Amino acid sequence: MECGHNLYATTFSNTSCLSLFSISLAVMLLLSLTLFFCSWNTLVYAGDQTKGENCTITNNRLQFGTYQFHSDCDAQTYCSSQGICELKGCRQDKYPFGYPPGASIPPQCPPGQFCPDESDACQPLLPVGSACQLNRDDQCAPPPNWQDLSDNSKYGRNVNGSVCLNNVCMWANVTVGQACVVENTAYMAYTGNSELFVDIVSRGNCQLGTYCDSQSLVCTQAKQLEETCDADKECSSFNCLSKGVCGPGTDSPNHFAIWVYIMVGVGIFGGMFATLITLFLIHRRQRDQEREKRLQYWREQNAFRQSIMQMKEIARTSILSLPGGNENSNRSTVCSRAGSEESSAPMIQYSVHKSSGLRQQCLSDDDGSAYDELMRQR
């Protein structure tokens, strides 16, 4: 069973060996006391001493849990051997921390040299067996065949075929079945709920495609997908799933079958056409309702006109039927004269009925044709 896992891509397994579990338990028990002393020490040496101010070189250290380098001096200076903060002479990162915009920053080291954690000055690469700082593979000189051993992937298992394990420079050239060196480092991390947990990072000096087994200390071939595993470093994808098998890389894209794309396309175009058809039907229904309202209004107005004309005809007939009434009398001119076009037009009775639309409505009476004639004139 594997203890720990590989750098940058591994998570502590629940099946870790007893020794690492004991270490983790001890770390958890001493965490409160350690954090207290670290906080007190930060109050005394807050790392804010600027250029020219005094410092203590023995206070240089790696912070507990994170292993970040810390000194009495601020981000732009380092503590020299004379106990005075001096401006840094080099930088490790392309964009260093702690410099305001437009500030002058120290240069990066040229090929064949490295910038130590103190950032005092560039130094030549260290040969195999030399002392190096934690996780600083870039401080070690590369092997002659570094092109074959260099890890150019995103996992960063070595730098130009060199690794710094247990503070000693080595070459990552050990093959399958040979003895290897492993380094397990416990980091403190927090979950999204601010719960503390221990993250064990396991590194070795095996070649690419292999890993150093923490139990046998022998290089073993990396496992493929769906093979059983105990730690991320055992998988070629550096992703050991919670069910204990190697899974795809955490940054691997998801691939879907062709039928999924077809169904998505059909759904998109189907939704578009369904929306257009629904809007068309709603608009046609509203349009038919408005036409029906206009037709009913015209019928009412035409019936009202015919009623008025009927009343005028009745009044004229009544006047002419009076004694002494004749067609040429003055009274006959009050309403209308006999034989006029309006007086001869009969009053038409209408039965108003619903219709789905003017285009589909069949009118057999005179008002329908008159309405059509009126609409054409407009």
# chains A, B, ... in the order shown; residues from 1 in each chain; ligands from 1
>>> select_by_dssp(residues="range 130-269 of chain A", states="strand (DSSP E or B)", output="NGL selection string")
:A and (131 or 140 or 159 or 162-165 or 168-171 or 174 or 179 or 182-190 or 196-204 or 206 or 210-212 or 218-221 or 223 or 228 or 235 or 240 or 245-246)
>>> select_by_dssp(residues="range 218-305 of chain A", states="alpha helix (DSSP H)", output="PyMOL selection string")
chain A and resi 258-305
>>> write_last_selection(atoms="C-alpha atoms", output="short mmCIF file (atom, residue, chain, number, x, y, z; two decimals), in the first residue's frame")
data_model
loop_
_atom_site.label_atom_id
_atom_site.label_comp_id
_atom_site.auth_asym_id
_atom_site.auth_seq_id
_atom_site.Cartn_x
_atom_site.Cartn_y
_atom_site.Cartn_z
CA ILE A 258 -21.86 12.20 -32.10
CA TRP A 259 -25.50 11.50 -31.25
CA VAL A 260 -25.24 13.98 -28.35
CA TYR A 261 -24.30 16.78 -30.74
CA ILE A 262 -27.09 15.71 -33.11
CA MET A 263 -29.66 15.79 -30.33
CA VAL A 264 -28.45 19.19 -29.16
CA GLY A 265 -28.68 20.56 -32.73
CA VAL A 266 -32.16 19.12 -33.22
CA GLY A 267 -33.24 20.58 -29.91
CA ILE A 268 -31.92 24.04 -30.80
CA PHE A 269 -33.50 24.21 -34.27
CA GLY A 270 -36.66 22.50 -33.03
CA GLY A 271 -37.02 25.11 -30.32
CA MET A 272 -36.51 27.92 -32.83
CA PHE A 273 -39.15 26.60 -35.25
CA ALA A 274 -41.59 25.86 -32.44
CA THR A 275 -41.22 29.41 -31.17
CA LEU A 276 -41.81 30.89 -34.64
CA ILE A 277 -44.88 28.72 -35.28
CA THR A 278 -46.34 29.55 -31.87
CA LEU A 279 -45.86 33.28 -32.43
CA PHE A 280 -47.44 33.01 -35.90
CA LEU A 281 -50.53 31.21 -34.56
CA ILE A 282 -50.95 33.69 -31.71
CA HIS A 283 -50.65 36.62 -34.11
CA ARG A 284 -53.15 35.11 -36.56
CA ARG A 285 -55.66 34.53 -33.78
CA GLN A 286 -55.34 38.11 -32.59
CA ARG A 287 -55.67 39.38 -36.15
CA ASP A 288 -58.86 37.34 -36.72
CA GLN A 289 -60.33 38.67 -33.49
CA GLU A 290 -59.66 42.25 -34.55
CA ARG A 291 -61.25 41.65 -37.98
CA GLU A 292 -64.33 40.11 -36.36
CA LYS A 293 -64.68 43.17 -34.13
CA ARG A 294 -64.49 45.51 -37.13
CA LEU A 295 -67.04 43.44 -39.07
CA GLN A 296 -69.50 43.45 -36.18
CA TYR A 297 -69.09 47.18 -35.80
CA TRP A 298 -69.79 47.73 -39.50
CA ARG A 299 -72.89 45.54 -39.33
CA GLU A 300 -74.23 47.49 -36.38
CA GLN A 301 -73.65 50.80 -38.13
CA ASN A 302 -75.26 49.58 -41.36
CA ALA A 303 -78.28 48.24 -39.48
CA PHE A 304 -78.62 51.56 -37.67
CA ARG A 305 -78.53 53.41 -41.01
#
>>> closest_residue(among="A:Ser80, A:Gln92, A:Ser307, A:Thr66", to="Ala186 in chain A", atoms="only C-alpha atoms")
A:Thr66
>>> residues_around(residues="Cys219 in chain A", least_positions_apart="4", cutoff="12 Å", atoms="only C-alpha atoms", output="count of residues only")
26
>>> closest_residue(among="A:Pro143, A:Met170, A:Ile308, A:Asn160", to="Ala131 in chain A", atoms="only C-alpha atoms")
A:Met170
>>> atom_distance(atom1="CA of Ile200 in chain A", atom2="CA of Ala141 in chain A")
26.7 Å
>>> atom_distance(atom1="CA of Ile105 in chain A", atom2="CA of Asp93 in chain A")
10.8 Å
>>> residues_around(residues="Phe114 in chain A", least_positions_apart="3", cutoff="7 Å", atoms="only C-alpha atoms", output="list of chain:residue names")
A:Cys109, A:Cys122, A:Gln123, A:Pro124, A:Leu125, A:Asp138, A:Gln139
>>> residues_around(residues="Thr50 in chain A", least_positions_apart="2", cutoff="10 Å", atoms="only C-alpha atoms", output="PDB file with C-alpha atoms, in the first residue's frame")
ATOM      1  CA  GLY A  47       9.476  40.436   7.964  1.00  0.00           C
ATOM      2  CA  ASP A  48       9.073  44.174   7.438  1.00  0.00           C
ATOM      3  CA  GLY A  52      19.729  49.213   6.011  1.00  0.00           C
ATOM      4  CA  GLU A  53      17.823  47.961   9.044  1.00  0.00           C
ATOM      5  CA  ASN A  54      19.111  45.210  11.326  1.00  0.00           C
ATOM      6  CA  CYS A  55      18.131  41.568  10.943  1.00  0.00           C
ATOM      7  CA  ASP A  72      13.237  39.423   9.056  1.00  0.00           C
ATOM      8  CA  CYS A  73      13.560  41.561   5.895  1.00  0.00           C
ATOM      9  CA  ASP A  74      10.712  42.594   3.621  1.00  0.00           C
ATOM     10  CA  ALA A  75       9.991  41.248   0.136  1.00  0.00           C
ATOM     11  CA  GLN A  76      12.520  43.537  -1.551  1.00  0.00           C
ATOM     12  CA  THR A  77      15.517  42.822   0.698  1.00  0.00           C
ATOM     13  CA  TYR A  78      17.416  39.893   2.197  1.00  0.00           C
ATOM     14  CA  CYS A  79      19.335  39.462   5.431  1.00  0.00           C
ATOM     15  CA  ILE A  84      21.734  44.101   7.663  1.00  0.00           C
ATOM     16  CA  CYS A  85      18.867  44.015   5.172  1.00  0.00           C
ATOM     17  CA  GLU A  86      20.185  44.557   1.641  1.00  0.00           C
ATOM     18  CA  LEU A  87      18.397  44.831  -1.694  1.00  0.00           C
TER      19      LEU A  87
END
>>> closest_residue(among="A:Lys312, A:Val159, A:Cys90, A:Asn135", to="Thr185 in chain A", atoms="only C-alpha atoms")
A:Asn135
>>> closest_residue(among="A:Asn166, A:Ser216, A:Gln113, A:Ser318", to="Leu126 in chain A", atoms="only C-alpha atoms")
A:Gln113
